[in-house]
Amino acid sequence: MTYGGDYGGQEPRPAPRGPRQHQRAQMLPIPGREQPPRRDEYPAPREEQHMPPQPTMRAPVPPRGPEAPPRRPMPPERPPRRRRWSFGKVLLSLLMVFVVFLAGVWIYLEFSINRIDALADYEGRPAAGEGTNWLIVGSDSRAGLDPEDEARLSTGDTAGQRTDTIMLAHIPDNDTPPTLLSLPRDSQVKIPGHGTNKINAAFSFGGPQLLAKTVEGATGLRIDHYAEIGFGGFANIVDAIGGVEMCLDTEMNDTKTGAKLAAGCQELDGAQALSFVRMRYSSATPRSDLDRVANQRKFIGAMVSEMASPGTLLNPFYLFPLLSEAPEALTMDEGDHLHNLVGLAFAMRGISSGGVVTTTVPVTNASAENWDKKKAEQLFDALKTDKAIPDSVIVN
């Protein structure tokens with residue numbers, strides 16, 4: 001009898017084990033050789049191929065939140081809009097071009113005009129008075145003119161360099177009108193270092209410096225600015241603006257130069273204009289130099305008006321030739337600038353309309369050699385103090 005434990009039976013013996021299965025050794029793959037298939041890669045036994053597929057366990061899907069609203073479709077890209085030029089933009093562009101053009105012209109003229117040291121300081125020079133004084137000189141120099149030009153302009157064959165025209169332009173600081181004063185070329189005055197002589201001889205003796213010093217000593221007026229133009233330059237400027245209209249009361253025939261000008265209103269070209277402002281040996285100029293300086297002031301007024309007119313400034317066929325000729329024709333003092341010249345032209349624009357007082361230094365006779373000292377002193381004092389010039393001293 002055997003002890004069977006709590007159940008009183010015999011403890012069952014474990015079933016005998018079958019033969020021990022040996023695990024197949026696996027070889028590491030050798031580089032370059034193909035690895036043999038594993039056992040689990042062999043085809044399954046036939047009975048396993050007919051077994052029904054087992055259900056696949058899937059991971060639970062997390063609950064979804066509220067659905068986002070559907071996106072609105074993006075609008076198609078529009079082609080870039082072409083810039084449209086409004087009237088204001090076009091006008092502004094044109095204005096900018098015009099400003100740049102004016103700036104270029106201004107710079108060109110400022111650095112192209114001839115300069116000379118004409119107003120040197122010296123001991124005993126008159127003190128500055130009221131207003132501004134310009135010394136304007138028309139030189140009779142033939143420099144730069146060939147024989148054909150001399151014949152065309154009827155310049156004659158006088159040697160040296162003198163002044164056919166000497167003027168003082170006074171621009172006041174108050175509301176009195178500007179003054180354009182002629183100094184007859186044959187006026188007898190004291191020339192420093194050369195005694196008493198005709199005033200135009202000072203230019204040939206010592207050039208612009210001596211002429212300016214002589215004028216300051218004779219008038220007591222301090223010269224602030226200087227401008228000079230020669231025969232050829234004067235004629236070229238007149239031609240550049242298409243001529244200057246003048247109305248002549250009578251026919252003018254110069255017995256010395258042979259120049260002739262018909263009576264009536266007409267356009268004078270450069271050569272004719274030069275003959276008009278120089279003519280004094282004619283029946284139309286019985287007062288000789290006094291009539292000549294009066295014609296010079298008359299012509300300057302007409303020429304300034306023509307140059308400042310829209311017909312000249314807005315016409316490229318006149319404007320560009322004028323801009324080309326002016327720097328070569330004009331000579332200014334080293335201390336002068338273009339804005340000074342513009343101020344002079346602006347002040348003198350009223351000559352033709354009577355807005356500028358035009359006169360000659362009072363003289364004692366038609367030869368215009370001797371000044372009337374009393375009247376001349378009244379004239380110069382009025383200019384020095386910016387006072388109105390008395391009618392009794394105005395000579396036309």
# chains A, B, ... in the order shown; residues from 1 in each chain; ligands from 1

$ residues_around --residues "region 133-137 of chain A" --least-positions-apart "5" --cutoff "6 Å" --atoms "only C-alpha atoms" --output "list in words"
Thr165, Ile166, Met167, Leu168, Ala169, His170, Ile223, Asp224, His225, Tyr226, Ala227 and Glu228 of chain A

$ residues_around --residues "region 235-247 of chain A" --least-positions-apart "6" --cutoff "8 Å" --atoms "only C-alpha atoms" --output "PyMOL selection string"
chain A and resi 263-271+273-274+299+302-303+306-307+312+318-319+321-322+325-326+329

$ write_last_selection --atoms "N, CA and C atoms" --output "PDB file, in the first residue's frame"
ATOM      1  N   ALA A 263      13.844 153.685 -92.539  1.00  0.00           N
ATOM      2  CA  ALA A 263      12.875 154.188 -91.557  1.00  0.00           C
ATOM      3  C   ALA A 263      11.761 153.165 -91.357  1.00  0.00           C
ATOM      4  N   GLY A 264      11.106 153.251 -90.199  1.00  0.00           N
ATOM      5  CA  GLY A 264       9.996 152.358 -89.897  1.00  0.00           C
ATOM      6  C   GLY A 264      10.381 151.240 -88.946  1.00  0.00           C
ATOM      7  N   CYS A 265       9.389 150.414 -88.584  1.00  0.00           N
ATOM      8  CA  CYS A 265       9.602 149.292 -87.660  1.00  0.00           C
ATOM      9  C   CYS A 265      10.187 148.102 -88.414  1.00  0.00           C
ATOM     10  N   GLN A 266      11.203 147.482 -87.857  1.00  0.00           N
ATOM     11  CA  GLN A 266      11.907 146.400 -88.544  1.00  0.00           C
ATOM     12  C   GLN A 266      12.697 145.571 -87.545  1.00  0.00           C
ATOM     13  N   GLU A 267      13.056 144.354 -87.969  1.00  0.00           N
ATOM     14  CA  GLU A 267      13.906 143.480 -87.167  1.00  0.00           C
ATOM     15  C   GLU A 267      15.363 143.741 -87.533  1.00  0.00           C
ATOM     16  N   LEU A 268      16.135 144.211 -86.578  1.00  0.00           N
ATOM     17  CA  LEU A 268      17.550 144.460 -86.817  1.00  0.00           C
ATOM     18  C   LEU A 268      18.353 143.206 -86.468  1.00  0.00           C
ATOM     19  N   ASP A 269      19.181 142.752 -87.396  1.00  0.00           N
ATOM     20  CA  ASP A 269      20.066 141.634 -87.090  1.00  0.00           C
ATOM     21  C   ASP A 269      21.301 142.155 -86.368  1.00  0.00           C
ATOM     22  N   GLY A 270      22.278 141.272 -86.145  1.00  0.00           N
ATOM     23  CA  GLY A 270      23.429 141.663 -85.347  1.00  0.00           C
ATOM     24  C   GLY A 270      24.227 142.809 -85.935  1.00  0.00           C
ATOM     25  N   ALA A 271      24.502 142.748 -87.237  1.00  0.00           N
ATOM     26  CA  ALA A 271      25.283 143.809 -87.886  1.00  0.00           C
ATOM     27  C   ALA A 271      24.525 145.129 -87.898  1.00  0.00           C
ATOM     28  N   ALA A 273      22.136 146.043 -85.790  1.00  0.00           N
ATOM     29  CA  ALA A 273      22.027 146.535 -84.417  1.00  0.00           C
ATOM     30  C   ALA A 273      23.309 147.227 -83.988  1.00  0.00           C
ATOM     31  N   LEU A 274      24.457 146.666 -84.374  1.00  0.00           N
ATOM     32  CA  LEU A 274      25.729 147.283 -84.026  1.00  0.00           C
ATOM     33  C   LEU A 274      25.868 148.653 -84.701  1.00  0.00           C
ATOM     34  N   PHE A 299      17.901 150.730 -77.430  1.00  0.00           N
ATOM     35  CA  PHE A 299      18.101 149.385 -77.963  1.00  0.00           C
ATOM     36  C   PHE A 299      18.265 148.361 -76.833  1.00  0.00           C
ATOM     37  N   ALA A 302      14.928 147.322 -75.605  1.00  0.00           N
ATOM     38  CA  ALA A 302      14.227 146.417 -76.523  1.00  0.00           C
ATOM     39  C   ALA A 302      14.859 145.025 -76.506  1.00  0.00           C
ATOM     40  N   MET A 303      16.181 144.960 -76.410  1.00  0.00           N
ATOM     41  CA  MET A 303      16.861 143.664 -76.420  1.00  0.00           C
ATOM     42  C   MET A 303      16.576 142.877 -75.144  1.00  0.00           C
ATOM     43  N   GLU A 306      13.163 141.470 -75.363  1.00  0.00           N
ATOM     44  CA  GLU A 306      13.123 140.349 -76.301  1.00  0.00           C
ATOM     45  C   GLU A 306      13.716 139.094 -75.684  1.00  0.00           C
ATOM     46  N   MET A 307      14.806 139.232 -74.970  1.00  0.00           N
ATOM     47  CA  MET A 307      15.448 138.070 -74.356  1.00  0.00           C
ATOM     48  C   MET A 307      14.587 137.460 -73.259  1.00  0.00           C
ATOM     49  N   THR A 312      11.224 133.807 -76.692  1.00  0.00           N
ATOM     50  CA  THR A 312      12.644 133.439 -76.684  1.00  0.00           C
ATOM     51  C   THR A 312      12.921 132.313 -75.706  1.00  0.00           C
ATOM     52  N   TYR A 318      15.791 129.607 -80.339  1.00  0.00           N
ATOM     53  CA  TYR A 318      16.373 130.869 -79.873  1.00  0.00           C
ATOM     54  C   TYR A 318      17.110 130.692 -78.558  1.00  0.00           C
ATOM     55  N   LEU A 319      16.532 129.863 -77.660  1.00  0.00           N
ATOM     56  CA  LEU A 319      17.094 129.725 -76.319  1.00  0.00           C
ATOM     57  C   LEU A 319      18.481 129.079 -76.352  1.00  0.00           C
ATOM     58  N   PRO A 321      20.759 128.730 -78.870  1.00  0.00           N
ATOM     59  CA  PRO A 321      21.814 129.603 -79.404  1.00  0.00           C
ATOM     60  C   PRO A 321      22.190 130.740 -78.452  1.00  0.00           C
ATOM     61  N   LEU A 322      21.190 131.276 -77.738  1.00  0.00           N
ATOM     62  CA  LEU A 322      21.489 132.337 -76.780  1.00  0.00           C
ATOM     63  C   LEU A 322      22.369 131.821 -75.653  1.00  0.00           C
ATOM     64  N   GLU A 325      25.919 131.460 -76.987  1.00  0.00           N
ATOM     65  CA  GLU A 325      26.678 132.671 -77.304  1.00  0.00           C
ATOM     66  C   GLU A 325      26.952 133.547 -76.083  1.00  0.00           C
ATOM     67  N   ALA A 326      26.035 133.572 -75.128  1.00  0.00           N
ATOM     68  CA  ALA A 326      26.156 134.505 -74.001  1.00  0.00           C
ATOM     69  C   ALA A 326      27.446 134.343 -73.205  1.00  0.00           C
ATOM     70  N   ALA A 329      30.330 135.897 -75.066  1.00  0.00           N
ATOM     71  CA  ALA A 329      30.210 137.328 -75.359  1.00  0.00           C
ATOM     72  C   ALA A 329      30.395 138.202 -74.133  1.00  0.00           C
TER      73      ALA A 329
END

$ atom_distance --atom1 "CA of Ser353 (chain A)" --atom2 "CA of Pro178 (chain A)"
12.6 Å

$ select_by_dssp --residues "region 89-242 of chain A" --states "alpha helix (DSSP H)" --output "PyMOL selection string"
chain A and resi 89-112+147-153+201-219+231-240

$ atom_distance --atom1 "CA of Ser139 (chain A)" --atom2 "CA of Pro310 (chain A)"
29.4 Å

$ residues_around --residues "region 372-383 of chain A" --least-positions-apart "4" --cutoff "9 Å" --atoms "only C-alpha atoms" --output "count of residues only"
20

$ closest_atom_pairs --of "region 166-264 of chain A" --to "region 110-120 of chain A" --cutoff "7 Å" --atoms "only C-alpha atoms" --output "tab-separated table"
residue	atom	partner	partner_atom	distance
A:Pro208	CA	A:Ala118	CA	5.1
A:Gln209	CA	A:Ala118	CA	4.6
A:Ala212	CA	A:Leu119	CA	6.7
A:Tyr226	CA	A:Ala118	CA	6.9

$ residues_around --residues "Glu251 (chain A)" --least-positions-apart "2" --cutoff "8 Å" --atoms "only C-alpha atoms" --output "PDB file with C-alpha atoms, in the first residue's frame"
ATOM      1  CA  LEU A 248      13.135 154.289 -86.553  1.00  0.00           C
ATOM      2  CA  ASP A 249      11.583 157.693 -87.107  1.00  0.00           C
ATOM      3  CA  ASN A 253      22.926 156.842 -93.041  1.00  0.00           C
ATOM      4  CA  LYS A 260      22.278 152.454 -93.740  1.00  0.00           C
ATOM      5  CA  LEU A 261      19.055 151.712 -91.874  1.00  0.00           C
ATOM      6  CA  ALA A 262      15.595 152.264 -93.347  1.00  0.00           C
ATOM      7  CA  ALA A 263      12.875 154.188 -91.557  1.00  0.00           C
ATOM      8  CA  ALA A 284      19.419 161.332 -87.851  1.00  0.00           C
TER       9      ALA A 284
END

$ residues_around --residues "Arg297 (chain A)" --least-positions-apart "2" --cutoff "10 Å" --atoms "only C-alpha atoms" --output "PyMOL selection string"
chain A and resi 165+167+180-182+277+292-295+299-303+351-352+358-360+396

$ write_last_selection --atoms "N, CA, C and O atoms" --output "compact mmCIF listing (two decimals), in the first residue's frame"
# COMPACT_ATOMS: atom_id res chain seq x y z
N THR A 165 30.70 152.31 -75.40
CA THR A 165 29.56 152.48 -74.51
C THR A 165 30.02 152.39 -73.06
O THR A 165 30.71 151.44 -72.67
N MET A 167 28.09 152.85 -69.29
CA MET A 167 26.82 153.10 -68.60
C MET A 167 26.93 152.71 -67.14
O MET A 167 27.69 151.80 -66.77
N LEU A 180 19.25 153.96 -65.54
CA LEU A 180 20.30 153.61 -66.49
C LEU A 180 20.91 154.92 -66.98
O LEU A 180 20.27 155.70 -67.68
N LEU A 181 22.15 155.16 -66.60
CA LEU A 181 22.83 156.43 -66.84
C LEU A 181 23.96 156.25 -67.84
O LEU A 181 24.82 155.37 -67.67
N SER A 182 23.97 157.06 -68.89
CA SER A 182 25.04 157.03 -69.89
C SER A 182 26.11 158.05 -69.56
O SER A 182 25.80 159.18 -69.18
N VAL A 277 23.60 151.27 -82.71
CA VAL A 277 24.06 151.76 -81.40
C VAL A 277 25.37 152.52 -81.50
O VAL A 277 25.75 153.20 -80.54
N ARG A 292 23.55 159.24 -79.86
CA ARG A 292 24.02 157.85 -79.88
C ARG A 292 23.75 157.16 -78.55
O ARG A 292 23.25 156.02 -78.54
N VAL A 293 24.06 157.79 -77.42
CA VAL A 293 23.83 157.13 -76.13
C VAL A 293 22.34 156.95 -75.87
O VAL A 293 21.93 155.97 -75.22
N ALA A 294 21.51 157.86 -76.38
CA ALA A 294 20.06 157.70 -76.24
C ALA A 294 19.60 156.48 -77.03
O ALA A 294 18.74 155.70 -76.56
N ASN A 295 20.13 156.29 -78.24
CA ASN A 295 19.79 155.11 -79.04
C ASN A 295 20.29 153.82 -78.38
O ASN A 295 19.65 152.77 -78.47
N PHE A 299 17.90 150.73 -77.43
CA PHE A 299 18.10 149.38 -77.96
C PHE A 299 18.27 148.36 -76.83
O PHE A 299 17.74 147.25 -76.91
N ILE A 300 19.00 148.72 -75.78
CA ILE A 300 19.18 147.79 -74.66
C ILE A 300 17.83 147.41 -74.06
O ILE A 300 17.59 146.24 -73.73
N GLY A 301 16.94 148.40 -73.92
CA GLY A 301 15.61 148.11 -73.40
C GLY A 301 14.87 147.13 -74.27
O GLY A 301 14.24 146.18 -73.78
N ALA A 302 14.93 147.32 -75.61
CA ALA A 302 14.23 146.42 -76.52
C ALA A 302 14.86 145.03 -76.51
O ALA A 302 14.15 144.01 -76.56
N MET A 303 16.18 144.96 -76.41
CA MET A 303 16.86 143.66 -76.42
C MET A 303 16.58 142.88 -75.14
O MET A 303 16.32 141.66 -75.20
N ILE A 351 12.72 149.20 -69.17
CA ILE A 351 13.22 150.36 -69.92
C ILE A 351 12.23 150.76 -71.01
O ILE A 351 11.88 151.93 -71.17
N SER A 352 11.77 149.78 -71.77
CA SER A 352 10.86 150.07 -72.89
C SER A 352 9.52 150.62 -72.42
O SER A 352 8.90 151.42 -73.12
N THR A 358 15.95 156.67 -67.65
CA THR A 358 17.09 156.67 -68.56
C THR A 358 17.55 158.11 -68.76
O THR A 358 16.75 158.99 -69.07
N THR A 359 18.83 158.34 -68.60
CA THR A 359 19.35 159.70 -68.70
C THR A 359 20.84 159.67 -69.03
O THR A 359 21.49 158.61 -69.01
N THR A 360 21.36 160.86 -69.32
CA THR A 360 22.78 161.06 -69.58
C THR A 360 23.31 162.06 -68.56
O THR A 360 22.56 162.91 -68.06
N ASN A 396 17.70 163.43 -72.02
CA ASN A 396 17.38 162.34 -72.94
C ASN A 396 17.76 162.71 -74.38
O ASN A 396 18.15 163.82 -74.65

$ residues_around --residues "Arg280 (chain A)" --least-positions-apart "6" --cutoff "8 Å" --atoms "only C-alpha atoms" --output "list in words"
Asp254, Pro286, Arg287, Ser288, Asp289, Asp291 and Arg292 of chain A

$ write_last_selection --atoms "N, CA, C and O atoms" --output "PDB file, in the first residue's frame"
ATOM      1  N   ASP A 254      25.087 156.477 -92.028  1.00  0.00           N
ATOM      2  CA  ASP A 254      26.331 156.879 -91.383  1.00  0.00           C
ATOM      3  C   ASP A 254      27.353 157.240 -92.458  1.00  0.00           C
ATOM      4  O   ASP A 254      27.796 156.376 -93.234  1.00  0.00           O
ATOM      5  N   PRO A 286      21.722 164.463 -84.948  1.00  0.00           N
ATOM      6  CA  PRO A 286      22.311 165.806 -84.978  1.00  0.00           C
ATOM      7  C   PRO A 286      23.097 166.142 -83.716  1.00  0.00           C
ATOM      8  O   PRO A 286      24.000 166.978 -83.759  1.00  0.00           O
ATOM      9  N   ARG A 287      22.778 165.522 -82.581  1.00  0.00           N
ATOM     10  CA  ARG A 287      23.512 165.805 -81.339  1.00  0.00           C
ATOM     11  C   ARG A 287      24.712 164.877 -81.156  1.00  0.00           C
ATOM     12  O   ARG A 287      25.298 164.825 -80.071  1.00  0.00           O
ATOM     13  N   SER A 288      25.063 164.193 -82.205  1.00  0.00           N
ATOM     14  CA  SER A 288      26.241 163.320 -82.195  1.00  0.00           C
ATOM     15  C   SER A 288      26.180 162.312 -81.046  1.00  0.00           C
ATOM     16  O   SER A 288      25.293 161.460 -81.001  1.00  0.00           O
ATOM     17  N   ASP A 289      27.080 162.416 -80.094  1.00  0.00           N
ATOM     18  CA  ASP A 289      27.198 161.395 -79.052  1.00  0.00           C
ATOM     19  C   ASP A 289      25.974 161.361 -78.133  1.00  0.00           C
ATOM     20  O   ASP A 289      25.631 160.298 -77.604  1.00  0.00           O
ATOM     21  N   ASP A 291      22.845 161.746 -79.042  1.00  0.00           N
ATOM     22  CA  ASP A 291      21.836 160.927 -79.717  1.00  0.00           C
ATOM     23  C   ASP A 291      22.258 159.457 -79.733  1.00  0.00           C
ATOM     24  O   ASP A 291      21.423 158.560 -79.636  1.00  0.00           O
ATOM     25  N   ARG A 292      23.545 159.236 -79.862  1.00  0.00           N
ATOM     26  CA  ARG A 292      24.017 157.848 -79.884  1.00  0.00           C
ATOM     27  C   ARG A 292      23.745 157.156 -78.553  1.00  0.00           C
ATOM     28  O   ARG A 292      23.251 156.020 -78.536  1.00  0.00           O
TER      29      ARG A 292
END

$ select_by_dssp --residues "region 99-266 of chain A" --states "strand (DSSP E)" --output "JSON list (two decimals) with C-alpha atoms, in the first residue's frame"
[["chain", "number", "residue", "atom", "x", "y", "z"],
["A", 114, "ASN", "CA", 34.43, 135.00, -68.69],
["A", 115, "ARG", "CA", 35.82, 136.54, -65.49],
["A", 116, "ILE", "CA", 38.28, 139.38, -64.96],
["A", 132, "THR", "CA", 23.67, 148.60, -56.14],
["A", 133, "ASN", "CA", 25.71, 150.03, -59.02],
["A", 134, "TRP", "CA", 26.75, 148.23, -62.22],
["A", 135, "LEU", "CA", 29.39, 149.48, -64.64],
["A", 136, "ILE", "CA", 28.33, 148.30, -68.12],
["A", 137, "VAL", "CA", 30.92, 148.58, -70.88],
["A", 138, "GLY", "CA", 30.63, 148.06, -74.62],
["A", 139, "SER", "CA", 34.16, 147.45, -75.86],
["A", 163, "THR", "CA", 34.86, 151.73, -75.07],
["A", 164, "ASP", "CA", 32.05, 152.80, -77.35],
["A", 165, "THR", "CA", 29.56, 152.48, -74.51],
["A", 166, "ILE", "CA", 29.90, 153.37, -70.81],
["A", 167, "MET", "CA", 26.82, 153.10, -68.60],
["A", 168, "LEU", "CA", 25.95, 153.04, -64.92],
["A", 169, "ALA", "CA", 22.95, 150.92, -63.92],
["A", 170, "HIS", "CA", 21.64, 151.78, -60.44],
["A", 171, "ILE", "CA", 19.31, 149.34, -58.68],
["A", 179, "THR", "CA", 18.24, 154.20, -63.35],
["A", 180, "LEU", "CA", 20.30, 153.61, -66.49],
["A", 181, "LEU", "CA", 22.83, 156.43, -66.84],
["A", 182, "SER", "CA", 25.04, 157.03, -69.89],
["A", 188, "GLN", "CA", 36.86, 164.99, -70.12],
["A", 189, "VAL", "CA", 37.68, 163.53, -66.69],
["A", 190, "LYS", "CA", 40.73, 162.89, -64.53],
["A", 191, "ILE", "CA", 42.29, 159.51, -65.20],
["A", 195, "GLY", "CA", 45.95, 163.45, -66.17],
["A", 196, "THR", "CA", 42.77, 164.73, -67.82],
["A", 197, "ASN", "CA", 41.59, 162.89, -70.89],
["A", 198, "LYS", "CA", 38.53, 161.39, -72.57],
["A", 225, "HIS", "CA", 29.51, 144.88, -60.32],
["A", 226, "TYR", "CA", 31.09, 144.94, -63.76],
["A", 227, "ALA", "CA", 29.83, 143.65, -67.16],
["A", 228, "GLU", "CA", 31.54, 143.98, -70.53],
["A", 229, "ILE", "CA", 30.54, 142.94, -74.04],
["A", 244, "VAL", "CA", 15.47, 142.86, -82.18],
["A", 245, "GLU", "CA", 12.54, 144.93, -83.39],
["A", 246, "MET", "CA", 13.18, 148.68, -83.55],
["A", 247, "CYS", "CA", 11.09, 151.52, -84.91],
["A", 248, "LEU", "CA", 13.14, 154.29, -86.55],
["A", 252, "MET", "CA", 19.81, 156.57, -90.84],
["A", 253, "ASN", "CA", 22.93, 156.84, -93.04],
["A", 260, "LYS", "CA", 22.28, 152.45, -93.74],
["A", 261, "LEU", "CA", 19.05, 151.71, -91.87],
["A", 264, "GLY", "CA", 10.00, 152.36, -89.90],
["A", 265, "CYS", "CA", 9.60, 149.29, -87.66],
["A", 266, "GLN", "CA", 11.91, 146.40, -88.54]]

$ atom_distance --atom1 "CA of Asp386 (chain A)" --atom2 "CA of Lys213 (chain A)"
21.8 Å

$ decode --residues "region 245-272 of chain A" --atoms "N, CA and C atoms" --output "PDB file, in the first residue's frame"
ATOM      1  N   GLU A 245      13.404 143.995 -82.659  1.00  0.00           N
ATOM      2  CA  GLU A 245      12.542 144.928 -83.391  1.00  0.00           C
ATOM      3  C   GLU A 245      12.765 146.362 -82.903  1.00  0.00           C
ATOM      4  N   MET A 246      13.013 147.265 -83.846  1.00  0.00           N
ATOM      5  CA  MET A 246      13.185 148.681 -83.547  1.00  0.00           C
ATOM      6  C   MET A 246      12.366 149.492 -84.544  1.00  0.00           C
ATOM      7  N   CYS A 247      11.838 150.602 -84.054  1.00  0.00           N
ATOM      8  CA  CYS A 247      11.087 151.518 -84.908  1.00  0.00           C
ATOM      9  C   CYS A 247      11.880 152.817 -85.057  1.00  0.00           C
ATOM     10  N   LEU A 248      12.316 153.106 -86.266  1.00  0.00           N
ATOM     11  CA  LEU A 248      13.135 154.289 -86.553  1.00  0.00           C
ATOM     12  C   LEU A 248      12.266 155.377 -87.164  1.00  0.00           C
ATOM     13  N   ASP A 249      12.393 156.571 -86.618  1.00  0.00           N
ATOM     14  CA  ASP A 249      11.583 157.693 -87.107  1.00  0.00           C
ATOM     15  C   ASP A 249      12.018 158.125 -88.508  1.00  0.00           C
ATOM     16  N   THR A 250      13.311 158.106 -88.737  1.00  0.00           N
ATOM     17  CA  THR A 250      13.840 158.527 -90.039  1.00  0.00           C
ATOM     18  C   THR A 250      14.904 157.547 -90.505  1.00  0.00           C
ATOM     19  N   GLU A 251      15.248 157.655 -91.764  1.00  0.00           N
ATOM     20  CA  GLU A 251      16.312 156.831 -92.310  1.00  0.00           C
ATOM     21  C   GLU A 251      17.649 157.256 -91.707  1.00  0.00           C
ATOM     22  N   MET A 252      18.525 156.280 -91.463  1.00  0.00           N
ATOM     23  CA  MET A 252      19.814 156.566 -90.836  1.00  0.00           C
ATOM     24  C   MET A 252      20.928 156.144 -91.790  1.00  0.00           C
ATOM     25  N   ASN A 253      21.780 157.104 -92.167  1.00  0.00           N
ATOM     26  CA  ASN A 253      22.926 156.842 -93.041  1.00  0.00           C
ATOM     27  C   ASN A 253      24.184 157.372 -92.355  1.00  0.00           C
ATOM     28  N   ASP A 254      25.087 156.477 -92.028  1.00  0.00           N
ATOM     29  CA  ASP A 254      26.331 156.879 -91.383  1.00  0.00           C
ATOM     30  C   ASP A 254      27.353 157.240 -92.458  1.00  0.00           C
ATOM     31  N   THR A 255      27.730 158.506 -92.504  1.00  0.00           N
ATOM     32  CA  THR A 255      28.667 158.968 -93.526  1.00  0.00           C
ATOM     33  C   THR A 255      30.081 158.463 -93.294  1.00  0.00           C
ATOM     34  N   LYS A 256      30.391 157.987 -92.117  1.00  0.00           N
ATOM     35  CA  LYS A 256      31.744 157.508 -91.816  1.00  0.00           C
ATOM     36  C   LYS A 256      31.910 156.028 -92.115  1.00  0.00           C
ATOM     37  N   THR A 257      30.938 155.230 -91.702  1.00  0.00           N
ATOM     38  CA  THR A 257      31.041 153.782 -91.901  1.00  0.00           C
ATOM     39  C   THR A 257      30.267 153.298 -93.122  1.00  0.00           C
ATOM     40  N   GLY A 258      29.353 154.118 -93.648  1.00  0.00           N
ATOM     41  CA  GLY A 258      28.558 153.704 -94.797  1.00  0.00           C
ATOM     42  C   GLY A 258      27.350 152.863 -94.419  1.00  0.00           C
ATOM     43  N   ALA A 259      27.075 152.655 -93.136  1.00  0.00           N
ATOM     44  CA  ALA A 259      25.920 151.863 -92.710  1.00  0.00           C
ATOM     45  C   ALA A 259      24.616 152.612 -92.997  1.00  0.00           C
ATOM     46  N   LYS A 260      23.579 151.862 -93.418  1.00  0.00           N
ATOM     47  CA  LYS A 260      22.278 152.454 -93.740  1.00  0.00           C
ATOM     48  C   LYS A 260      21.172 151.643 -93.081  1.00  0.00           C
ATOM     49  N   LEU A 261      20.227 152.344 -92.488  1.00  0.00           N
ATOM     50  CA  LEU A 261      19.055 151.712 -91.874  1.00  0.00           C
ATOM     51  C   LEU A 261      17.816 152.433 -92.364  1.00  0.00           C
ATOM     52  N   ALA A 262      16.819 151.676 -92.817  1.00  0.00           N
ATOM     53  CA  ALA A 262      15.595 152.264 -93.347  1.00  0.00           C
ATOM     54  C   ALA A 262      14.706 152.748 -92.218  1.00  0.00           C
ATOM     55  N   ALA A 263      13.844 153.685 -92.539  1.00  0.00           N
ATOM     56  CA  ALA A 263      12.875 154.188 -91.557  1.00  0.00           C
ATOM     57  C   ALA A 263      11.761 153.165 -91.357  1.00  0.00           C
ATOM     58  N   GLY A 264      11.106 153.251 -90.199  1.00  0.00           N
ATOM     59  CA  GLY A 264       9.996 152.358 -89.897  1.00  0.00           C
ATOM     60  C   GLY A 264      10.381 151.240 -88.946  1.00  0.00           C
ATOM     61  N   CYS A 265       9.389 150.414 -88.584  1.00  0.00           N
ATOM     62  CA  CYS A 265       9.602 149.292 -87.660  1.00  0.00           C
ATOM     63  C   CYS A 265      10.187 148.102 -88.414  1.00  0.00           C
ATOM     64  N   GLN A 266      11.203 147.482 -87.857  1.00  0.00           N
ATOM     65  CA  GLN A 266      11.907 146.400 -88.544  1.00  0.00           C
ATOM     66  C   GLN A 266      12.697 145.571 -87.545  1.00  0.00           C
ATOM     67  N   GLU A 267      13.056 144.354 -87.969  1.00  0.00           N
ATOM     68  CA  GLU A 267      13.906 143.480 -87.167  1.00  0.00           C
ATOM     69  C   GLU A 267      15.363 143.741 -87.533  1.00  0.00           C
ATOM     70  N   LEU A 268      16.135 144.211 -86.578  1.00  0.00           N
ATOM     71  CA  LEU A 268      17.550 144.460 -86.817  1.00  0.00           C
ATOM     72  C   LEU A 268      18.353 143.206 -86.468  1.00  0.00           C
ATOM     73  N   ASP A 269      19.181 142.752 -87.396  1.00  0.00           N
ATOM     74  CA  ASP A 269      20.066 141.634 -87.090  1.00  0.00           C
ATOM     75  C   ASP A 269      21.301 142.155 -86.368  1.00  0.00           C
ATOM     76  N   GLY A 270      22.278 141.272 -86.145  1.00  0.00           N
ATOM     77  CA  GLY A 270      23.429 141.663 -85.347  1.00  0.00           C
ATOM     78  C   GLY A 270      24.227 142.809 -85.935  1.00  0.00           C
ATOM     79  N   ALA A 271      24.502 142.748 -87.237  1.00  0.00           N
ATOM     80  CA  ALA A 271      25.283 143.809 -87.886  1.00  0.00           C
ATOM     81  C   ALA A 271      24.525 145.129 -87.898  1.00  0.00           C
ATOM     82  N   GLN A 272      23.225 145.076 -88.184  1.00  0.00           N
ATOM     83  CA  GLN A 272      22.418 146.299 -88.201  1.00  0.00           C
ATOM     84  C   GLN A 272      22.294 146.897 -86.809  1.00  0.00           C
TER      85      GLN A 272
END
